[in-house]
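Below: input-v2.csv (CSV, C-alpha atoms)
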chain,number,residue,atom,x,y,z
A,1,LEU,CA,-18.0,-0.5,6.4
A,2,ALA,CA,-18.9,-2.6,3.3
A,3,LYS,CA,-18.6,-6.3,3.6
A,4,THR,CA,-16.8,-8.3,1.0
A,5,THR,CA,-17.3,-11.8,-0.4
A,6,GLN,CA,-14.5,-13.7,-2.0
A,7,PRO,CA,-13.9,-17.3,-3.0
A,8,ILE,CA,-12.4,-19.2,-0.1
A,9,SER,CA,-9.7,-20.8,-2.3
A,10,MET,CA,-8.4,-21.1,-5.8
A,11,ASP,CA,-5.9,-23.2,-7.6
A,12,SER,CA,-3.8,-22.3,-10.6
A,13,TYR,CA,-0.6,-23.4,-12.4
A,14,GLU,CA,2.5,-21.5,-13.1
A,15,GLY,CA,2.4,-19.1,-16.0
A,16,GLN,CA,-1.4,-18.8,-15.9
A,17,GLU,CA,-3.4,-15.6,-15.4
A,18,VAL,CA,-5.4,-15.7,-12.2
A,19,ASN,CA,-8.5,-13.6,-11.6
A,20,ILE,CA,-9.9,-13.2,-8.1
A,21,THR,CA,-13.3,-11.6,-7.9
A,22,CYS,CA,-14.6,-9.8,-4.8
A,23,SER,CA,-18.2,-8.8,-4.2
A,24,HIS,CA,-19.0,-5.6,-2.3
A,25,ASN,CA,-22.7,-4.9,-2.9
A,26,ASN,CA,-22.9,-2.2,-0.2
A,27,ILE,CA,-19.9,-0.2,-1.2
A,28,ALA,CA,-20.3,3.5,-0.3
A,29,THR,CA,-19.6,6.4,-2.6
A,30,ASN,CA,-16.4,7.4,-0.7
A,31,ASP,CA,-15.1,3.8,-0.4
A,32,TYR,CA,-11.9,2.7,-2.1
A,33,ILE,CA,-11.1,-0.9,-3.0
A,34,THR,CA,-7.8,-2.3,-1.8
A,35,TRP,CA,-6.2,-5.7,-2.2
A,36,TYR,CA,-3.5,-7.1,0.1
A,37,GLN,CA,-1.4,-10.3,-0.2
A,38,GLN,CA,-0.3,-12.2,2.9
A,39,PHE,CA,2.3,-15.0,3.1
A,40,PRO,CA,2.3,-17.3,6.2
A,41,SER,CA,3.7,-15.6,9.3
A,42,GLN,CA,4.1,-12.3,7.6
A,43,GLY,CA,2.2,-9.0,7.6
A,44,PRO,CA,-0.1,-8.3,4.6
A,45,ARG,CA,1.5,-6.6,1.7
A,46,PHE,CA,-0.3,-3.8,-0.3
A,47,ILE,CA,-0.9,-4.9,-3.9
A,48,ILE,CA,-3.2,-2.4,-5.5
A,49,GLN,CA,-6.0,0.1,-4.9
A,50,GLY,CA,-8.6,1.6,-7.0
A,51,TYR,CA,-11.9,3.5,-7.1
A,52,LYS,CA,-13.4,2.8,-10.5
A,53,THR,CA,-12.5,1.5,-14.0
A,54,LYS,CA,-9.1,-0.1,-14.3
A,55,VAL,CA,-5.9,0.3,-12.3
A,56,THR,CA,-2.6,-1.4,-13.3
A,57,ASN,CA,0.7,-1.5,-11.6
A,58,GLU,CA,3.8,-3.6,-11.9
A,59,VAL,CA,2.4,-6.6,-10.1
A,60,ALA,CA,-1.4,-6.7,-10.8
A,61,SER,CA,-4.4,-5.1,-12.4
A,62,LEU,CA,-7.7,-4.2,-10.8
A,63,PHE,CA,-10.9,-4.1,-12.7
A,64,ILE,CA,-13.9,-2.3,-11.3
A,65,PRO,CA,-17.2,-2.2,-13.1
A,66,ALA,CA,-19.3,1.0,-13.3
A,67,ASP,CA,-21.6,0.0,-10.5
A,68,ARG,CA,-18.5,-0.8,-8.2
A,69,LYS,CA,-20.4,-3.7,-6.6
A,70,SER,CA,-17.5,-6.0,-7.4
A,71,SER,CA,-13.9,-5.9,-8.4
A,72,THR,CA,-11.5,-8.4,-9.9
A,73,LEU,CA,-7.8,-8.7,-9.0
A,74,SER,CA,-5.8,-10.0,-12.0
A,75,LEU,CA,-2.4,-11.6,-11.5
A,76,PRO,CA,-0.6,-12.1,-14.8
A,77,ARG,CA,1.5,-15.2,-15.3
A,78,VAL,CA,1.6,-16.4,-11.7
A,79,SER,CA,4.5,-18.3,-10.2
A,80,LEU,CA,4.9,-20.5,-7.2
A,81,SER,CA,5.8,-17.5,-5.1
A,82,ASP,CA,2.3,-16.1,-5.6
A,83,THR,CA,0.9,-18.8,-3.4
A,84,ALA,CA,-0.6,-16.7,-0.6
A,85,VAL,CA,-3.9,-15.4,0.8
A,86,TYR,CA,-5.4,-12.4,-1.0
A,87,TYR,CA,-7.7,-10.0,0.8
A,88,CYS,CA,-10.1,-7.6,-0.7
A,89,LEU,CA,-11.1,-4.6,1.4
A,90,VAL,CA,-13.3,-1.6,1.0
A,91,GLY,CA,-13.1,1.5,3.2
A,92,PRO,CA,-13.6,5.2,3.4
A,93,PHE,CA,-11.1,7.6,1.9
A,94,SER,CA,-9.2,10.0,4.2
A,95,GLY,CA,-10.9,11.5,7.3
A,96,GLY,CA,-8.1,10.1,9.5
A,97,TYR,CA,-10.1,7.0,10.2
A,98,ASN,CA,-9.1,4.3,7.8
A,99,LYS,CA,-10.2,1.2,9.6
A,100,LEU,CA,-9.7,-1.9,7.5
A,101,ILE,CA,-11.8,-4.9,8.3
A,102,PHE,CA,-10.4,-8.1,6.9
A,103,GLY,CA,-12.6,-10.8,5.5
A,104,ALA,CA,-11.6,-14.4,5.1
A,105,GLY,CA,-9.6,-13.8,2.0
A,106,THR,CA,-8.8,-16.1,-0.9
A,107,ARG,CA,-6.2,-18.8,-0.5
A,108,LEU,CA,-4.4,-19.1,-3.9
A,109,ALA,CA,-2.4,-22.2,-4.5
A,110,VAL,CA,-0.1,-22.1,-7.5
A,111,HIS,CA,1.1,-25.5,-8.7
A,112,PRO,CA,4.1,-26.4,-10.9
B,1,GLY,CA,8.0,2.3,-0.2
B,2,ALA,CA,6.9,2.9,3.3
B,3,VAL,CA,8.5,0.5,5.9
B,4,VAL,CA,7.0,-0.6,9.1
B,5,SER,CA,9.0,-2.6,11.6
B,6,GLN,CA,8.1,-4.7,14.6
B,7,HIS,CA,10.1,-5.8,17.6
B,8,PRO,CA,10.5,-8.5,18.6
B,9,SER,CA,9.6,-10.8,15.7
B,10,TRP,CA,8.8,-13.5,18.2
B,11,VAL,CA,8.6,-13.9,21.9
B,12,ILE,CA,7.9,-16.7,24.3
B,13,CYS,CA,6.9,-15.9,27.9
B,14,LYS,CA,5.5,-17.5,30.9
B,15,SER,CA,1.8,-17.2,31.9
B,16,GLY,CA,1.2,-14.1,34.0
B,17,THR,CA,4.0,-12.0,32.6
B,18,SER,CA,3.6,-8.9,30.5
B,19,VAL,CA,5.0,-8.5,27.0
B,20,LYS,CA,5.6,-5.3,25.1
B,21,ILE,CA,5.6,-5.2,21.3
B,22,GLU,CA,7.0,-2.2,19.4
B,23,CYS,CA,5.8,-0.9,16.0
B,24,ARG,CA,7.9,1.7,14.2
B,25,SER,CA,7.4,3.6,11.0
B,26,LEU,CA,11.0,3.8,9.6
B,27,ASP,CA,10.8,6.4,6.8
B,28,PHE,CA,7.6,8.3,7.5
B,29,GLN,CA,5.6,9.7,10.3
B,30,ALA,CA,2.5,7.8,11.3
B,31,THR,CA,-0.3,9.7,13.0
B,32,THR,CA,-2.4,6.7,13.1
B,33,MET,CA,-1.4,3.1,13.6
B,34,PHE,CA,-3.5,0.0,13.9
B,35,TRP,CA,-3.0,-3.3,15.9
B,36,TYR,CA,-4.3,-6.6,14.6
B,37,ARG,CA,-4.3,-10.1,15.9
B,38,GLN,CA,-4.3,-13.2,13.8
B,39,PHE,CA,-4.9,-16.8,14.9
B,40,PRO,CA,-3.7,-19.7,12.7
B,41,LYS,CA,-5.6,-20.2,9.5
B,42,GLN,CA,-7.8,-17.2,10.3
B,43,SER,CA,-8.0,-13.7,9.0
B,44,LEU,CA,-6.7,-10.5,10.7
B,45,MET,CA,-8.8,-9.1,13.5
B,46,LEU,CA,-8.5,-5.4,14.2
B,47,MET,CA,-7.9,-4.8,17.9
B,48,ALA,CA,-7.5,-1.1,18.2
B,49,THR,CA,-6.7,2.1,16.5
B,50,SER,CA,-3.7,4.0,17.9
B,51,ASN,CA,-3.5,7.8,17.5
B,52,GLU,CA,-0.4,9.8,18.4
B,53,GLY,CA,-0.9,11.7,21.5
B,54,SER,CA,-4.3,10.4,22.4
B,55,LYS,CA,-5.9,7.3,23.8
B,56,ALA,CA,-6.4,4.3,21.6
B,57,THR,CA,-9.8,3.3,20.3
B,58,TYR,CA,-10.5,-0.4,21.0
B,59,GLU,CA,-12.8,-2.6,19.0
B,60,GLN,CA,-15.7,-4.3,20.7
B,61,GLY,CA,-14.7,-7.2,22.7
B,62,VAL,CA,-11.0,-6.2,23.1
B,63,GLU,CA,-10.0,-5.5,26.7
B,64,LYS,CA,-8.3,-2.2,26.9
B,65,ASP,CA,-6.8,-3.0,30.3
B,66,LYS,CA,-5.2,-6.2,29.0
B,67,PHE,CA,-3.9,-4.8,25.8
B,68,LEU,CA,-2.3,-1.5,26.6
B,69,ILE,CA,-1.5,0.7,23.6
B,70,ASN,CA,0.8,3.7,23.7
B,71,HIS,CA,1.5,6.0,20.8
B,72,ALA,CA,3.9,8.5,22.2
B,73,SER,CA,5.6,9.6,19.0
B,74,LEU,CA,4.9,9.9,15.3
B,75,THR,CA,7.0,6.9,14.6
B,76,LEU,CA,6.4,4.5,17.5
B,77,SER,CA,3.4,2.7,18.9
B,78,THR,CA,3.6,-0.1,21.5
B,79,LEU,CA,1.2,-2.9,22.5
B,80,THR,CA,1.6,-4.4,25.9
B,81,VAL,CA,-0.1,-7.6,26.6
B,82,THR,CA,-0.5,-7.6,30.4
B,83,SER,CA,-0.7,-10.8,32.5
B,84,ALA,CA,-0.5,-12.9,29.4
B,85,HIS,CA,-2.2,-16.3,29.3
B,86,PRO,CA,-1.9,-19.2,26.8
B,87,GLU,CA,-5.1,-18.0,25.0
B,88,ASP,CA,-3.3,-14.7,24.2
B,89,SER,CA,-0.8,-16.7,22.0
B,90,SER,CA,-1.2,-15.3,18.5
B,91,PHE,CA,0.4,-13.4,15.7
B,92,TYR,CA,0.2,-9.6,16.4
B,93,ILE,CA,0.5,-7.3,13.5
B,94,CYS,CA,0.6,-3.5,13.3
B,95,SER,CA,0.0,-1.2,10.4
B,96,ALA,CA,0.5,2.5,9.8
B,97,GLU,CA,-1.7,4.8,7.7
B,98,ILE,CA,0.1,6.8,5.0
B,99,TYR,CA,-0.5,10.5,4.7
B,100,ARG,CA,0.6,12.7,1.8
B,101,ASP,CA,0.2,16.5,2.0
B,102,SER,CA,-1.8,16.0,5.2
B,103,GLN,CA,-4.3,13.8,3.4
B,104,SER,CA,-4.8,10.2,4.1
B,105,THR,CA,-3.9,8.0,1.1
B,106,ASP,CA,-6.3,5.3,2.4
B,107,THR,CA,-3.4,3.0,2.3
B,108,GLN,CA,-1.9,1.1,5.2
B,109,TYR,CA,1.5,-0.6,5.3
B,110,PHE,CA,1.9,-3.5,7.6
B,111,GLY,CA,4.7,-4.6,9.9
B,112,PRO,CA,6.1,-8.1,9.6
B,113,GLY,CA,4.3,-9.3,12.7
B,114,THR,CA,5.2,-10.6,16.2
B,115,ARG,CA,4.6,-14.2,17.1
B,116,LEU,CA,3.7,-14.4,20.8
B,117,THR,CA,3.7,-17.8,22.6
B,118,VAL,CA,2.6,-17.9,26.2
B,119,LEU,CA,3.5,-21.0,28.1

Could I get this structure in the form of structure tokens?
Amino acid sequence: LAKTTQPISMDSYEGQEVNITCSHNNIATNDYITWYQQFPSQGPRFIIQGYKTKVTNEVASLFIPADRKSSTLSLPRVSLSDTAVYYCLVGPFSGGYNKLIFGAGTRLAVHP
Amino acid sequence: GAVVSQHPSWVICKSGTSVKIECRSLDFQATTMFWYRQFPKQSLMLMATSNEGSKATYEQGVEKDKFLINHASLTLSTLTVTSAHPEDSSFYICSAEIYRDSQSTDTQYFGPGTRLTVL
């Protein structure tokens, strides 16, 4: 499974756009990129998933360059409630063996 | 969206006792479930992969005789921590893999977690 590298922590202010970049230089052809959010004492929550180019949903956007060696999670206009740990994961698609290996994640702190 | 529940949400037990944690998929069938453990300020660590009707696959370093996993139905997997000790105190989280049309969506939904404290 590809390893990922993310910043340990980030700080932002309410209303700003936050971009968290994840490096995954050894991503395989059949790997997808998935981002999860985790609040203290809760299970991770799925945010977004993509394979290439750009994916957007109601909470975030995911930008993936052509070489797929990195990806950027973009959170528009963050609020205090977005303070959490964000995990970037890469893993194989289907095959009934979707083992997710979590890295350290990025601790995002949103300030008033 | 898919919902995964865990029971209990927290448990306190004495050293030497066994504790069972349940993980249920509420609105879908889960052929594959996963069990994680998370210590304070640390990331999630995968413990084992639980497949319905077969033996669980444990990650390296995880004692299968201590952490018993049973996945007897498509909606329920259980993790039993046997002879628990204070060092087993942790946050245990399960997840379930989502399938659509018999194909994995490569997406997992996580339960809310169970806080285990062993005195």

Query - Spatial neighbours of A:Phe102, 9 Å, all atoms listed in the file, chain gap at least 6 places, as a ChimeraX atom specification - result: /A:4,87-89 /B:43-46

Query raised in the report: Excluding same-chain residues fewer than 5 positions from stretch 49-66 of chain B, what lies within 10 Å of it counting only C-alpha atoms, as a ChimeraX atom specification?
Result: /A:96-99 /B:18,30-36,71-84,88,94-96

Query - Straight-line distance linking atom CA of A:Asp31 with atom CA of B:Ile93, stated in Å to one decimal - result: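 Atom CA of B:Ile93 lies at a distance of 23.7 Å from atom CA of A:Asp31.
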
**Report entry** Length of the atom CA of A:Asn26 to atom CA of A:Gly91 vector [Å]
**Finding:** 11.0 Å

**Report entry** d(atom CA of B:Thr17, atom CA of B:Thr114) in Å
**Finding:** 16.5 Å

Query - Nearby residues (only C-alpha atoms) at most 12 Å from B:Glu87, same-chain spacing under 6 positions excluded, as a list in words - result: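 The residues satisfying every condition are Ser15, Gly16, Phe39, Val81, Leu116, Thr117, Val118 and Leu119 of chain B.
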
Could the residues in this selection be saved with C-alpha atoms as a PDB file, in the coordinates of the input?
ATOM      1  CA  SER B  15       1.800 -17.200  31.900  1.00  0.00           C
ATOM      2  CA  GLY B  16       1.200 -14.100  34.000  1.00  0.00           C
ATOM      3  CA  PHE B  39      -4.900 -16.800  14.900  1.00  0.00           C
ATOM      4  CA  VAL B  81      -0.100  -7.600  26.600  1.00  0.00           C
ATOM      5  CA  LEU B 116       3.700 -14.400  20.800  1.00  0.00           C
ATOM      6  CA  THR B 117       3.700 -17.800  22.600  1.00  0.00           C
ATOM      7  CA  VAL B 118       2.600 -17.900  26.200  1.00  0.00           C
ATOM      8  CA  LEU B 119       3.500 -21.000  28.100  1.00  0.00           C
TER       9      LEU B 119
END

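Taking all atoms listed in the file into account, chain B lies nearest to A:Arg45 out of the set A:Lys3, A:Arg107, A:Lys69, A:Arg45.
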
Query raised in the report: Given the choices B:Gln29, B:Val3, B:Arg37, B:Pro112, which gets closest to A:Phe39 if the distance is worked out from only C-alpha atoms?
Result: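 So, comparing all the options, the nearest one is B:Pro112.
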
Report task. Considering all atoms listed in the file, state which residue in the set B:Lys14, B:Pro8, B:Gln42, B:Cys23 is at the smallest distance from B:Phe110. Result -> B:Cys23

Requested in this report: Quick one: everything within 12 Å of A:Gly15, counting all atoms listed in the file, minus sequence neighbours fewer than 4 positions away in the same chain. Send it as a PyMOL selection string.
Outcome: chain A and resi 75-82+110-112

Query raised in the report: What residues in chain A have any atom no more than 12 Å from chain B when counting all atoms listed in the file, and can you write them as an MDAnalysis selection string?
Result: chainID A and resid 8 30:51 84:107

Query - Nearest-residue call for B:Phe67, choices B:Lys20, B:His7, B:Asp101, B:Cys13, using only C-alpha atoms - result: B:Lys20
